[in-house]
Amino acid sequence: MDLATFLVQCLNAVQYGLLLFLVASGLTLIFGIMGVINLAHGSFYMIGAYMAFALAPLFGDQFIVMLLAGVVLAALFGYLLEWAFFSYLYQRDHLQQVLMTYGLILVFEELRSLLVGNDVHGVKVPAWLDGSFALGDLMSYPWYRLFASAACLLLAAGLYFVVNRTRLGMMIRAGASNRDMVRGLGIDIRRLYRIVFAAGVALAALAGMIAAPMSSVYPGMGASVLIICFVVVVIGGIGSITGALVASLLVGFVDTFGKVFFADLSGMGVYLLMAVVLVWRPEGLMGRRT
Amino acid sequence: MRSFNHWLPLVCAIALALLGPLLSPYVADLVVKVMILSIFALSLELLVGMTGLVSLGHAAFYGIGAYATVLASGSEGGSIAWLLPLAMGSAAAYALFVGALSLRTRGVYFIMVTLAFAQMAFFVFHDTAFGGGSDGIYMYVRPALGALDMESHAVQFYFVLAALVLTYGLLALIRRSRFGAALAGIRVNEQRMRAAGFPVYGYKLAAFVIAGALAGLAGFLLAARDGVVNPELLAWHNSGEVLLMIILGGLGHLRGAVIGAVAFTLLKEVLSTQALVGPLADHWQLTLGIAIIAFVALLPKGIIGIAARLSPKAVT
């Protein structure tokens, strides 16, 4: 493998990892704060991708505006869904949460099939991001992928800032480490829940929208992302944003280079990584020891 | 009343055995399918209901049992005498690997880890050529042992029924044994069991491996019935559905797993039958999803829970 190929693969790995981080961070926060295991989180990614498919013709080259509109819609949707459905799950045990969110996946998938059908659709890369730039003599790298990485990086930085430097972030961190204490201190936990959930949905949908021009949109895209994100959360440790970031990048690298070196068994790489982490640190890289 | 209720499962099994020859081929085939699903659901009941371990990856062991059967029978077919132990053994071996790692975690981690390892097994069969890839593989000759030839529908029926009775009996024995009592102790309060000096990890691992082996038995029967396997058997939808069955029936009761398998199969049939639900039949996933949510929300104790509510003394 020459240097240019290696660089391209590294860029791919980082880009994939950052995209996973957007989905996984919401998943880990929702579990860490509300204690809800949400199987339908992958569906939000799927919804985002289909939203990009539906909105792209309307916005044309205004890709950024489209992303912003999509985020607003997704956050609203998340807010409503928390109010109408998820707020009833907090008091239930994990088994019931698993089954009810599993039912929700079926509903989302069938609605998707009713609205857009079961075909695979492509989403056009906006004209100003079309094309690629040269890397070495033979390799080139698409501008859009670089844009995707940059956007994810920006979002990750933004998330880091919000979580670590703002009052809301302080409440979120407090909620993740001790829910009952936060409630006891008189913080409106229901509002906090709603905001975190809406943010998680918005992040996952945004990841879907950003991914849509690269991966096309297809049925079942939610489930595959969900399971990989579970792996990320297990590796990173539940409730830890930093852990999710480190684990997403690790998974991105293992998956990308797995595809380069072991084409046939590439699907297994990330699971073996998870197995190793479970042997070494069952509570995840950044998880709290219990 | 108590004693009749106690013997009810056996009465049902005998009734089914007597009814067998009278059933139409379609119904008999459906009954075989439901009995296989019942074994699968019972195997998960050992984990979820008896030990309190919520596994979302149980379909992996089911699928591995089925694949082992088809792969090992080759083009000449094979004897039940070694195909059955092989199927159960392969499933148990993978369960040992998954259990040893996933039982290092707890609660929601355990759910995610079992799901992830099941997906790993799914990818092995889906992405590599040795199991026929995403199309799966056919079995040329069904397993047989002397006069017991699974090609015959009657043999299939009674073989599966016998397997169901044995599985049910085995789990009933486990429940009453010291081992079962320890598992119940772990479900109720793991910390206390550990403090009392029980090797909790070992007990849970043993339960996990037995459950895996029994799921492998269900997989063997399924392969022998269908004569074909594909990676979808290991897909996580199957893990979700079997989990649903034991909730639907009533968690914590062996008969709940069987009732759940029957109810779930019927529910799916009803929701996808044009004559009963009209144009919604094409969108049965939508109605099924809503039914699942409503069911778990309103009847967390399952169908047995309804019976118990109607006559508090009937079910113990």
# chains A, B, ... in the order shown; residues from 1 in each chain; ligands from 1

$ residues_around --residues "range 30-32 of chain A" --least-positions-apart "3" --cutoff "10 Å" --atoms "only C-alpha atoms" --output "ChimeraX atom specification"
/A:24-27,35-38,41,172-173,175-179,193-194,196-201,233,237-241 /B:108

$ select_by_dssp --residues "range 39-270 of chain A" --states "helix (DSSP H, G or I)" --output "ChimeraX atom specification"
/A:41-59,63-84,86-88,94-116,127-129,143-165,167-177,179-184,189-215,221-236,241-261,266-270

$ interface_residues --of "chain B" --to "chain A" --cutoff "8 Å" --atoms "only C-alpha atoms" --output "number ranges by chain"
B: 54, 101-102, 104-105, 107-109, 112-113, 115-117, 119-120, 123-124, 127-128, 240, 243-244, 283, 285-293, 296-297, 300

$ select_by_dssp --residues "range 103-289 of chain A" --states "strand (DSSP E or B)" --output "PyMOL selection string"
chain A and resi 121+132-135+139-142+217

$ closest_residue --among "A:Met66, A:Ala4, A:Leu285, A:Gly122" --to "Tyr218 in chain A" --atoms "only C-alpha atoms"
A:Gly122

$ residues_around --residues "range 39-50 of chain B" --least-positions-apart "3" --cutoff "6 Å" --atoms "only C-alpha atoms" --output "ChimeraX atom specification"
/B:36,53-54,164,184,211,214-215,218,242,251-252,257

$ write_last_selection --atoms "C-alpha atoms" --output "CSV table (one decimal), in the first residue's frame"
chain,number,residue,atom,x,y,z
B,36,ILE,CA,-40.2,-25.3,16.4
B,53,LEU,CA,-30.7,-12.1,31.2
B,54,VAL,CA,-32.2,-10.1,28.3
B,164,LEU,CA,-40.8,-29.9,22.3
B,184,ALA,CA,-33.9,-17.6,40.1
B,211,ALA,CA,-30.1,-22.0,26.0
B,214,LEU,CA,-31.7,-25.7,22.8
B,215,ALA,CA,-31.9,-22.9,20.2
B,218,ALA,CA,-34.8,-25.6,17.2
B,242,VAL,CA,-38.6,-14.5,19.8
B,251,LEU,CA,-42.6,-14.0,31.2
B,252,GLY,CA,-41.6,-16.3,33.9
B,257,ALA,CA,-43.2,-19.3,25.8

$ closest_residue --among "B:Tyr67, B:Phe264, B:Phe97, B:Tyr203" --to "Gly136 in chain B" --atoms "only C-alpha atoms"
B:Tyr67

$ residues_around --residues "Gly169 in chain B" --least-positions-apart "4" --cutoff "10 Å" --atoms "only C-alpha atoms" --output "PyMOL selection string"
chain B and resi 9-10+163-165+173-175+254

$ write_last_selection --atoms "N, CA and C atoms" --output "CSV table (one decimal), in the first residue's frame"
chain,number,residue,atom,x,y,z
B,9,PRO,N,-49.9,-28.9,30.3
B,9,PRO,CA,-49.0,-29.0,29.2
B,9,PRO,C,-49.0,-30.4,28.6
B,10,LEU,N,-48.9,-31.4,29.5
B,10,LEU,CA,-48.8,-32.8,29.0
B,10,LEU,C,-50.1,-33.2,28.3
B,163,ALA,N,-39.5,-33.5,20.5
B,163,ALA,CA,-38.4,-32.5,20.9
B,163,ALA,C,-39.0,-31.5,21.8
B,164,LEU,N,-40.2,-31.0,21.5
B,164,LEU,CA,-40.8,-29.9,22.3
B,164,LEU,C,-41.1,-30.5,23.7
B,165,VAL,N,-41.7,-31.7,23.8
B,165,VAL,CA,-42.0,-32.2,25.1
B,165,VAL,C,-40.7,-32.4,25.9
B,173,LEU,N,-37.6,-29.4,34.7
B,173,LEU,CA,-36.7,-30.1,35.7
B,173,LEU,C,-35.7,-29.0,36.2
B,174,ILE,N,-35.1,-28.3,35.3
B,174,ILE,CA,-34.1,-27.3,35.6
B,174,ILE,C,-34.7,-26.3,36.6
B,175,ARG,N,-35.9,-25.9,36.4
B,175,ARG,CA,-36.6,-24.9,37.3
B,175,ARG,C,-36.7,-25.4,38.7
B,254,LEU,N,-43.1,-21.3,31.8
B,254,LEU,CA,-42.7,-22.1,30.6
B,254,LEU,C,-43.8,-22.1,29.6

$ closest_residue --among "B:Phe130, B:Tyr201, B:Phe220, B:Tyr168" --to "Ala91 in chain B" --atoms "only C-alpha atoms"
B:Phe220

$ atom_distance --atom1 "CA of Ala60 in chain B" --atom2 "CA of Asn230 in chain B"
12.0 Å

$ residues_around --residues "Pro85 in chain B" --least-positions-apart "4" --cutoff "10 Å" --atoms "only C-alpha atoms" --output "JSON list (two decimals) with N, CA and C atoms, in the first residue's frame"
[["chain", "number", "residue", "atom", "x", "y", "z"],
["B", 65, "GLY", "N", -27.40, -23.54, 14.43],
["B", 65, "GLY", "CA", -27.88, -24.92, 14.47],
["B", 65, "GLY", "C", -28.39, -25.35, 13.11],
["B", 69, "THR", "N", -26.53, -28.08, 10.44],
["B", 69, "THR", "CA", -27.24, -29.25, 9.93],
["B", 69, "THR", "C", -27.10, -29.35, 8.41],
["B", 80, "ILE", "N", -29.48, -38.49, 11.77],
["B", 80, "ILE", "CA", -29.89, -37.65, 12.89],
["B", 80, "ILE", "C", -28.96, -37.88, 14.07],
["B", 81, "ALA", "N", -28.47, -39.11, 14.19],
["B", 81, "ALA", "CA", -27.66, -39.50, 15.34],
["B", 81, "ALA", "C", -26.44, -38.61, 15.50],
["B", 89, "GLY", "N", -24.29, -28.83, 19.34],
["B", 89, "GLY", "CA", -22.93, -28.56, 19.79],
["B", 89, "GLY", "C", -22.38, -27.28, 19.20],
["B", 90, "SER", "N", -22.62, -27.06, 17.90],
["B", 90, "SER", "CA", -22.11, -25.84, 17.26],
["B", 90, "SER", "C", -22.74, -24.62, 17.90],
["B", 91, "ALA", "N", -24.06, -24.70, 18.09],
["B", 91, "ALA", "CA", -24.75, -23.57, 18.70],
["B", 91, "ALA", "C", -24.23, -23.33, 20.11],
["B", 213, "ALA", "N", -27.71, -24.23, 23.13],
["B", 213, "ALA", "CA", -27.84, -25.58, 22.59],
["B", 213, "ALA", "C", -29.30, -25.88, 22.22],
["B", 216, "GLY", "N", -30.17, -24.26, 19.18],
["B", 216, "GLY", "CA", -29.58, -25.04, 18.10],
["B", 216, "GLY", "C", -30.47, -26.22, 17.72],
["B", 217, "LEU", "N", -31.10, -26.82, 18.74],
["B", 217, "LEU", "CA", -32.07, -27.90, 18.47],
["B", 217, "LEU", "C", -33.21, -27.38, 17.60],
["B", 220, "PHE", "N", -31.94, -27.01, 14.15],
["B", 220, "PHE", "CA", -31.86, -28.32, 13.46],
["B", 220, "PHE", "C", -33.22, -28.71, 12.91]]

$ decode --residues "range 81-161 of chain B" --atoms "C-alpha atoms" --output "mmCIF file, in the first residue's frame"
data_model
loop_
_atom_site.group_PDB
_atom_site.id
_atom_site.type_symbol
_atom_site.label_atom_id
_atom_site.label_comp_id
_atom_site.auth_asym_id
_atom_site.auth_seq_id
_atom_site.Cartn_x
_atom_site.Cartn_y
_atom_site.Cartn_z
ATOM 1 C CA ALA B 81 -27.662 -39.499 15.336
ATOM 2 C CA TRP B 82 -24.750 -37.211 14.630
ATOM 3 C CA LEU B 83 -26.336 -34.240 12.866
ATOM 4 C CA LEU B 84 -28.476 -33.376 15.874
ATOM 5 C CA PRO B 85 -25.620 -33.371 18.399
ATOM 6 C CA LEU B 86 -23.517 -31.474 15.887
ATOM 7 C CA ALA B 87 -26.154 -28.769 15.428
ATOM 8 C CA MET B 88 -26.658 -28.408 19.169
ATOM 9 C CA GLY B 89 -22.928 -28.561 19.794
ATOM 10 C CA SER B 90 -22.106 -25.839 17.264
ATOM 11 C CA ALA B 91 -24.753 -23.565 18.701
ATOM 12 C CA ALA B 92 -23.522 -24.316 22.228
ATOM 13 C CA ALA B 93 -19.926 -23.592 21.211
ATOM 14 C CA TYR B 94 -20.818 -20.181 19.840
ATOM 15 C CA ALA B 95 -22.969 -19.579 22.923
ATOM 16 C CA LEU B 96 -19.927 -20.364 25.068
ATOM 17 C CA PHE B 97 -17.880 -17.769 23.190
ATOM 18 C CA VAL B 98 -20.610 -15.114 23.230
ATOM 19 C CA GLY B 99 -21.642 -15.872 26.799
ATOM 20 C CA ALA B 100 -18.099 -15.811 28.157
ATOM 21 C CA LEU B 101 -17.627 -12.295 26.775
ATOM 22 C CA SER B 102 -21.084 -10.777 27.086
ATOM 23 C CA LEU B 103 -21.641 -11.978 30.651
ATOM 24 C CA ARG B 104 -18.781 -9.752 31.702
ATOM 25 C CA THR B 105 -21.275 -6.943 31.176
ATOM 26 C CA ARG B 106 -24.685 -6.304 32.626
ATOM 27 C CA GLY B 107 -28.089 -4.868 31.851
ATOM 28 C CA VAL B 108 -28.256 -2.696 28.803
ATOM 29 C CA TYR B 109 -24.666 -3.508 27.818
ATOM 30 C CA PHE B 110 -25.588 -7.165 27.750
ATOM 31 C CA ILE B 111 -28.472 -6.437 25.385
ATOM 32 C CA MET B 112 -26.228 -4.536 22.999
ATOM 33 C CA VAL B 113 -23.351 -7.009 23.147
ATOM 34 C CA THR B 114 -25.520 -10.051 22.441
ATOM 35 C CA LEU B 115 -27.095 -8.197 19.526
ATOM 36 C CA ALA B 116 -23.673 -7.260 18.169
ATOM 37 C CA PHE B 117 -22.302 -10.814 18.382
ATOM 38 C CA ALA B 118 -25.388 -12.169 16.668
ATOM 39 C CA GLN B 119 -24.810 -9.668 13.901
ATOM 40 C CA MET B 120 -21.219 -10.862 13.638
ATOM 41 C CA ALA B 121 -22.464 -14.414 13.052
ATOM 42 C CA PHE B 122 -24.952 -13.036 10.538
ATOM 43 C CA PHE B 123 -22.127 -11.402 8.593
ATOM 44 C CA VAL B 124 -20.074 -14.601 8.585
ATOM 45 C CA PHE B 125 -22.863 -16.408 6.756
ATOM 46 C CA HIS B 126 -23.950 -13.405 4.707
ATOM 47 C CA ASP B 127 -20.574 -12.237 3.419
ATOM 48 C CA THR B 128 -18.612 -15.428 2.913
ATOM 49 C CA ALA B 129 -19.167 -18.080 0.292
ATOM 50 C CA PHE B 130 -18.992 -21.181 2.460
ATOM 51 C CA GLY B 131 -22.589 -20.894 3.626
ATOM 52 C CA GLY B 132 -23.900 -19.935 0.200
ATOM 53 C CA GLY B 133 -23.685 -16.186 0.875
ATOM 54 C CA SER B 134 -26.846 -14.134 1.056
ATOM 55 C CA ASP B 135 -28.879 -16.736 -0.866
ATOM 56 C CA GLY B 136 -28.286 -19.499 1.652
ATOM 57 C CA ILE B 137 -28.062 -23.179 0.767
ATOM 58 C CA TYR B 138 -30.372 -26.083 0.132
ATOM 59 C CA MET B 139 -30.264 -29.431 1.817
ATOM 60 C CA TYR B 140 -30.319 -32.272 -0.721
ATOM 61 C CA VAL B 141 -31.428 -35.060 1.578
ATOM 62 C CA ARG B 142 -33.145 -34.505 4.891
ATOM 63 C CA PRO B 143 -31.651 -36.120 7.997
ATOM 64 C CA ALA B 144 -32.784 -39.640 8.814
ATOM 65 C CA LEU B 145 -32.139 -42.388 11.342
ATOM 66 C CA GLY B 146 -33.422 -45.804 10.368
ATOM 67 C CA ALA B 147 -37.189 -45.536 9.986
ATOM 68 C CA LEU B 148 -37.099 -41.977 11.291
ATOM 69 C CA ASP B 149 -36.846 -40.150 7.993
ATOM 70 C CA MET B 150 -37.482 -36.423 8.154
ATOM 71 C CA GLU B 151 -38.634 -36.497 4.527
ATOM 72 C CA SER B 152 -41.933 -37.805 5.860
ATOM 73 C CA HIS B 153 -44.308 -35.175 7.174
ATOM 74 C CA ALA B 154 -45.646 -37.530 9.830
ATOM 75 C CA VAL B 155 -42.141 -38.197 11.143
ATOM 76 C CA GLN B 156 -41.431 -34.467 11.155
ATOM 77 C CA PHE B 157 -44.582 -33.842 13.149
ATOM 78 C CA TYR B 158 -43.924 -36.435 15.842
ATOM 79 C CA PHE B 159 -40.200 -35.791 15.991
ATOM 80 C CA VAL B 160 -40.747 -32.076 16.558
ATOM 81 C CA LEU B 161 -43.514 -32.783 19.071
#
